[in-house]
$ cat coords.txt   # compact mmCIF, C-alpha atoms
# COMPACT_ATOMS: atom_id res chain seq x y z
CA MET A 1 35.18 -1.52 -41.32
CA ALA A 2 35.18 -1.90 -37.55
CA THR A 3 37.60 -4.24 -35.92
CA PRO A 4 36.26 -7.16 -33.88
CA LEU A 5 37.74 -5.62 -30.71
CA PHE A 6 35.81 -2.38 -31.30
CA ARG A 7 32.57 -4.32 -31.85
CA ILE A 8 32.98 -5.88 -28.40
CA ALA A 9 34.40 -2.90 -26.48
CA ALA A 10 31.96 -0.19 -27.65
CA PRO A 11 28.76 -1.81 -26.30
CA LEU A 12 30.52 -2.64 -23.02
CA LEU A 13 31.68 0.95 -22.63
CA VAL A 14 28.22 2.35 -23.39
CA GLY A 15 26.62 -0.11 -20.95
CA GLY A 16 29.09 0.80 -18.23
CA LEU A 17 28.43 4.52 -18.64
CA ALA A 18 24.67 3.92 -18.55
CA ALA A 19 25.04 1.91 -15.32
CA VAL A 20 27.06 4.69 -13.66
CA GLY A 21 24.44 7.24 -14.72
CA ALA A 22 21.64 5.10 -13.29
CA ILE A 23 23.45 4.72 -9.97
CA VAL A 24 24.07 8.47 -9.66
CA ALA A 25 20.45 9.29 -10.58
CA SER A 26 19.14 6.74 -8.08
CA SER A 27 21.19 8.17 -5.22
CA LEU A 28 20.10 11.74 -6.02
CA THR A 29 16.44 10.69 -6.16
CA ARG A 30 16.76 8.83 -2.85
CA GLU A 31 18.35 11.86 -1.15
CA ARG A 32 15.57 14.16 -2.36
CA ALA A 33 12.89 11.72 -1.19
CA GLU A 34 14.50 11.48 2.26
CA GLN A 35 14.64 15.28 2.56
CA ARG A 36 10.97 15.54 1.53
CA ALA A 37 9.98 12.81 4.01
CA LEU A 38 11.65 14.66 6.87
CA ALA A 39 10.04 18.00 6.07
CA GLY A 40 6.71 18.49 7.80
CA PRO A 41 3.96 20.95 6.97
CA ALA A 42 4.70 24.65 7.45
CA ARG A 43 1.90 24.81 10.02
CA PRO A 44 0.29 21.90 11.88
CA LEU A 45 -2.80 20.28 10.37
CA ALA A 46 -6.12 20.93 12.08
CA VAL A 47 -6.32 17.23 12.98
CA GLU A 48 -3.87 14.38 12.46
CA GLY A 49 -4.65 10.86 11.24
CA TRP A 50 -3.87 8.28 8.58
CA TRP A 51 -4.23 11.00 5.93
CA SER A 52 -1.35 13.04 7.36
CA SER A 53 1.16 10.26 7.96
CA ASP A 54 3.62 8.64 5.61
CA ALA A 55 2.73 5.18 6.91
CA SER A 56 1.47 2.78 4.32
CA SER A 57 -2.24 1.99 4.43
CA SER A 58 -4.86 1.08 1.86
CA LEU A 59 -6.88 4.25 2.55
CA ALA A 60 -3.81 6.46 2.26
CA HIS A 61 -2.93 5.00 -1.12
CA ALA A 62 -6.51 5.08 -2.41
CA HIS A 63 -7.09 8.66 -1.19
CA PRO A 64 -3.76 10.51 -1.13
CA ALA A 65 -5.35 13.98 -1.12
CA VAL A 66 -7.99 14.77 1.49
CA LEU A 67 -9.99 17.71 2.77
CA ILE A 68 -11.03 18.27 6.38
CA VAL A 69 -14.43 19.90 6.25
CA ASP A 70 -17.04 21.23 8.70
CA ALA A 71 -20.09 19.22 7.62
CA ASP A 72 -22.55 21.83 8.98
CA SER A 73 -21.47 24.58 6.61
CA ALA A 74 -19.35 22.62 4.08
CA ARG A 75 -16.52 25.00 5.02
CA LEU A 76 -12.97 23.84 4.37
CA ILE A 77 -10.99 23.54 7.62
CA ASP A 78 -7.77 22.06 6.25
CA SER A 79 -6.35 19.86 3.50
CA TRP A 80 -3.41 17.56 2.87
CA ASP A 81 -1.89 15.85 -0.15
CA ARG A 82 0.44 13.01 0.86
CA ARG A 83 1.99 12.81 -2.63
CA ILE A 84 3.49 16.30 -2.43
CA ARG A 85 3.53 16.64 1.39
CA ALA A 86 1.70 19.95 1.24
CA ARG A 87 -1.77 21.45 1.37
CA VAL A 88 -4.06 20.65 -1.56
CA ALA A 89 -3.70 23.29 -4.25
CA GLN A 90 -7.03 24.98 -5.00
CA PRO A 91 -9.26 22.62 -2.97
CA VAL A 92 -12.92 22.40 -3.93
CA VAL A 93 -15.48 21.13 -1.40
CA ARG A 94 -18.07 18.85 -3.05
CA ARG A 95 -20.94 17.96 -0.71
CA THR A 96 -22.33 14.46 -1.20
CA PRO A 97 -25.52 12.91 0.26
CA GLU A 98 -23.51 10.57 2.51
CA TRP A 99 -22.18 13.43 4.63
CA PRO A 100 -23.45 13.63 8.23
CA ALA A 101 -25.44 16.65 9.36
CA SER A 102 -22.72 18.00 11.64
CA GLY A 103 -19.15 17.59 12.82
CA LEU A 104 -15.74 17.46 11.20
CA ILE A 105 -15.26 14.99 8.38
CA VAL A 106 -12.42 13.86 6.14
CA VAL A 107 -13.33 13.61 2.47
CA ASP A 108 -11.47 12.68 -0.70
CA ALA A 109 -10.25 15.88 -2.36
CA ALA A 110 -11.02 14.62 -5.87
CA THR A 111 -14.47 13.10 -5.37
CA GLY A 112 -15.88 14.46 -2.10
CA ASP A 113 -16.49 10.90 -0.86
CA LEU A 114 -16.76 10.63 2.92
CA LEU A 115 -13.74 8.82 4.37
CA THR A 116 -13.92 9.45 8.13
CA GLU A 117 -16.10 11.24 10.66
CA LEU A 118 -14.06 12.95 13.37
CA ARG A 119 -16.31 12.49 16.38
CA GLY A 120 -15.62 14.57 19.45
CA MET A 121 -13.51 17.07 17.54
CA PRO A 122 -14.44 20.73 17.99
CA THR A 123 -15.40 22.68 14.89
CA THR A 124 -13.61 25.98 14.44
$ encode --input "coords.txt" --output "C-alpha cells"
Amino acid sequence: MATPLFRIAAPLLVGGLAAVGAIVASSLTRERAEQRALAGPARPLAVEGWWSSDASSSLAHAHPAVLIVDADSARLIDSWDRRIRARVAQPVVRRTPEWPASGLIVVDAATGDLLTELRGMPTT
C-alpha cells in the first residue's frame, strides 16, 4: 500500500517533468520556425506580392499556395506555398472561366480560382 507522501509526491513529480518537456519542445519548435522564416526561396519568385510574404492577410491565409500563370497559354510561370516556404510540389494549372484573356495572373493552387491580375507585368 502506498504511503500518503508517495500519493502526493508522484503526481507532482510527473507534472514537473511534463512541464519541463513542454518548455524544451516549445523552444525547439520556436527556433525551427525562426530559421524557416529567415530562409528565402532558393531563387527569386517571378513576381512578388501578398502571396510571397509572411505578413498576415486574409487572402494569404485563405490561399496559402498559389500559382503564377500566363493566362494566354495557361503556362505555369512560378508557384509559392507559404506554409512550407517553397515552390508548390507538382503544381497543376486548372483554367477556369473567370480567367482574363491575357496577362499574368495569380491563382489558387488547389482550385484554380483567380486571385489577382498582374497588370503591366511582362509575360516570359
$ closest_residue --input "coords.txt" --among "A:Thr96, A:Trp50, A:Ser27, A:Leu104" --to "Leu76 (chain A)" --atoms "all atoms listed in the file"
A:Leu104
$ residues_around --input "coords.txt" --residues "Asp78 (chain A)" --least-positions-apart "4" --cutoff "8 Å" --atoms "all atoms listed in the file" --output "PyMOL selection string"
chain A and resi 45-46+67-69+87
$ closest_residue --input "coords.txt" --among "A:Arg75, A:Arg7, A:Arg94, A:Arg82" --to "Ser52 (chain A)" --atoms "only C-alpha atoms"
A:Arg82
$ atom_distance --input "coords.txt" --atom1 "CA of Val93 (chain A)" --atom2 "CA of Pro44 (chain A)"
20.6 Å
$ atom_distance --input "coords.txt" --atom1 "CA of Pro64 (chain A)" --atom2 "CA of Ala25 (chain A)"
26.0 Å
$ atom_distance --input "coords.txt" --atom1 "CA of Asp70 (chain A)" --atom2 "CA of Ala89 (chain A)"
18.7 Å
$ closest_residue --input "coords.txt" --among "A:Val92, A:Leu114, A:Ile105, A:Ala65" --to "Trp80 (chain A)" --atoms "only C-alpha atoms"
A:Ala65
$ closest_residue --input "coords.txt" --among "A:Val20, A:Ala10, A:Leu118, A:Leu5" --to "Pro100 (chain A)" --atoms "all atoms listed in the file"
A:Leu118
$ closest_residue --input "coords.txt" --among "A:Ala86, A:Val66, A:Ala60, A:Ala71" --to "Ala110 (chain A)" --atoms "all atoms listed in the file"
A:Val66
$ residues_around --input "coords.txt" --residues "Trp99 (chain A)" --least-positions-apart "4" --cutoff "10 Å" --atoms "only C-alpha atoms" --output "list in words"
Ala71, Asp72, Ala74, Arg95, Gly103, Ile105, Val106, Val107, Gly112, Asp113, Leu114, Leu115, Thr116 and Glu117 of chain A
$ closest_residue --input "coords.txt" --among "A:Pro97, A:Ala109, A:Ala18, A:Leu59" --to "Ser79 (chain A)" --atoms "only C-alpha atoms"
A:Ala109
$ axis_aligned_box --input "coords.txt" --around "region 61-65 of chain A" --padding-each-side "6 Å" --output "lines of an AutoDock Vina configuration file"
center_x = -5.0
center_y = 9.5
center_z = -1.8
size_x = 16.2
size_y = 21.0
size_z = 13.3
$ build_atoms --input "coords.txt" --residues "region 104-115 of chain A" --atoms "all heavy atoms" --output "JSON list (two decimals), in the frame of the given file"
[["chain", "number", "residue", "atom", "x", "y", "z"],
["A", 104, "LEU", "N", -16.85, 17.43, 12.14],
["A", 104, "LEU", "CA", -15.74, 17.46, 11.20],
["A", 104, "LEU", "C", -15.66, 16.13, 10.47],
["A", 104, "LEU", "O", -15.84, 15.08, 11.06],
["A", 104, "LEU", "CB", -14.41, 17.71, 11.92],
["A", 104, "LEU", "CG", -14.16, 19.10, 12.47],
["A", 104, "LEU", "CD1", -12.79, 19.16, 13.12],
["A", 104, "LEU", "CD2", -14.26, 20.14, 11.39],
["A", 105, "ILE", "N", -15.38, 16.20, 9.19],
["A", 105, "ILE", "CA", -15.26, 14.99, 8.38],
["A", 105, "ILE", "C", -14.01, 15.09, 7.50],
["A", 105, "ILE", "O", -13.52, 16.19, 7.22],
["A", 105, "ILE", "CB", -16.50, 14.77, 7.50],
["A", 105, "ILE", "CG1", -16.77, 15.98, 6.60],
["A", 105, "ILE", "CG2", -17.72, 14.45, 8.35],
["A", 105, "ILE", "CD1", -17.88, 15.78, 5.60],
["A", 106, "VAL", "N", -13.52, 13.94, 7.09],
["A", 106, "VAL", "CA", -12.42, 13.86, 6.14],
["A", 106, "VAL", "C", -13.00, 13.30, 4.85],
["A", 106, "VAL", "O", -13.65, 12.25, 4.87],
["A", 106, "VAL", "CB", -11.29, 12.95, 6.66],
["A", 106, "VAL", "CG1", -10.18, 12.83, 5.63],
["A", 106, "VAL", "CG2", -10.74, 13.49, 7.97],
["A", 107, "VAL", "N", -12.80, 14.04, 3.75],
["A", 107, "VAL", "CA", -13.33, 13.61, 2.47],
["A", 107, "VAL", "C", -12.22, 13.56, 1.43],
["A", 107, "VAL", "O", -11.19, 14.23, 1.57],
["A", 107, "VAL", "CB", -14.47, 14.54, 1.98],
["A", 107, "VAL", "CG1", -15.62, 14.55, 2.94],
["A", 107, "VAL", "CG2", -13.96, 15.96, 1.76],
["A", 108, "ASP", "N", -12.42, 12.75, 0.41],
["A", 108, "ASP", "CA", -11.47, 12.68, -0.70],
["A", 108, "ASP", "C", -11.49, 14.01, -1.44],
["A", 108, "ASP", "O", -12.56, 14.52, -1.77],
["A", 108, "ASP", "CB", -11.85, 11.53, -1.63],
["A", 108, "ASP", "CG", -10.84, 11.33, -2.72],
["A", 108, "ASP", "OD1", -10.95, 12.04, -3.75],
["A", 108, "ASP", "OD2", -9.95, 10.49, -2.56],
["A", 109, "ALA", "N", -10.32, 14.57, -1.71],
["A", 109, "ALA", "CA", -10.25, 15.88, -2.36],
["A", 109, "ALA", "C", -10.75, 15.84, -3.80],
["A", 109, "ALA", "O", -11.28, 16.83, -4.30],
["A", 109, "ALA", "CB", -8.82, 16.40, -2.33],
["A", 110, "ALA", "N", -10.61, 14.71, -4.47],
["A", 110, "ALA", "CA", -11.02, 14.62, -5.87],
["A", 110, "ALA", "C", -12.51, 14.36, -6.04],
["A", 110, "ALA", "O", -13.14, 14.91, -6.94],
["A", 110, "ALA", "CB", -10.21, 13.53, -6.57],
["A", 111, "THR", "N", -13.08, 13.53, -5.16],
["A", 111, "THR", "CA", -14.47, 13.10, -5.37],
["A", 111, "THR", "C", -15.46, 13.63, -4.34],
["A", 111, "THR", "O", -16.66, 13.63, -4.59],
["A", 111, "THR", "CB", -14.55, 11.56, -5.32],
["A", 111, "THR", "OG1", -14.18, 11.13, -4.01],
["A", 111, "THR", "CG2", -13.66, 10.93, -6.37],
["A", 112, "GLY", "N", -14.98, 14.03, -3.17],
["A", 112, "GLY", "CA", -15.88, 14.46, -2.10],
["A", 112, "GLY", "C", -16.44, 13.30, -1.30],
["A", 112, "GLY", "O", -17.26, 13.49, -0.41],
["A", 113, "ASP", "N", -16.00, 12.07, -1.59],
["A", 113, "ASP", "CA", -16.49, 10.90, -0.86],
["A", 113, "ASP", "C", -16.08, 10.97, 0.60],
["A", 113, "ASP", "O", -14.94, 11.29, 0.93],
["A", 113, "ASP", "CB", -15.93, 9.61, -1.46],
["A", 113, "ASP", "CG", -16.47, 9.33, -2.85],
["A", 113, "ASP", "OD1", -17.53, 9.90, -3.20],
["A", 113, "ASP", "OD2", -15.84, 8.55, -3.58],
["A", 114, "LEU", "N", -17.02, 10.63, 1.49],
["A", 114, "LEU", "CA", -16.76, 10.63, 2.92],
["A", 114, "LEU", "C", -15.81, 9.49, 3.26],
["A", 114, "LEU", "O", -16.04, 8.34, 2.91],
["A", 114, "LEU", "CB", -18.08, 10.45, 3.68],
["A", 114, "LEU", "CG", -17.98, 10.36, 5.20],
["A", 114, "LEU", "CD1", -17.49, 11.67, 5.79],
["A", 114, "LEU", "CD2", -19.33, 9.99, 5.79],
["A", 115, "LEU", "N", -14.72, 9.82, 3.97],
["A", 115, "LEU", "CA", -13.74, 8.82, 4.37],
["A", 115, "LEU", "C", -13.79, 8.54, 5.87],
["A", 115, "LEU", "O", -13.70, 7.40, 6.29],
["A", 115, "LEU", "CB", -12.33, 9.27, 3.98],
["A", 115, "LEU", "CG", -12.11, 9.57, 2.50],
["A", 115, "LEU", "CD1", -10.72, 10.10, 2.26],
["A", 115, "LEU", "CD2", -12.38, 8.33, 1.66]]
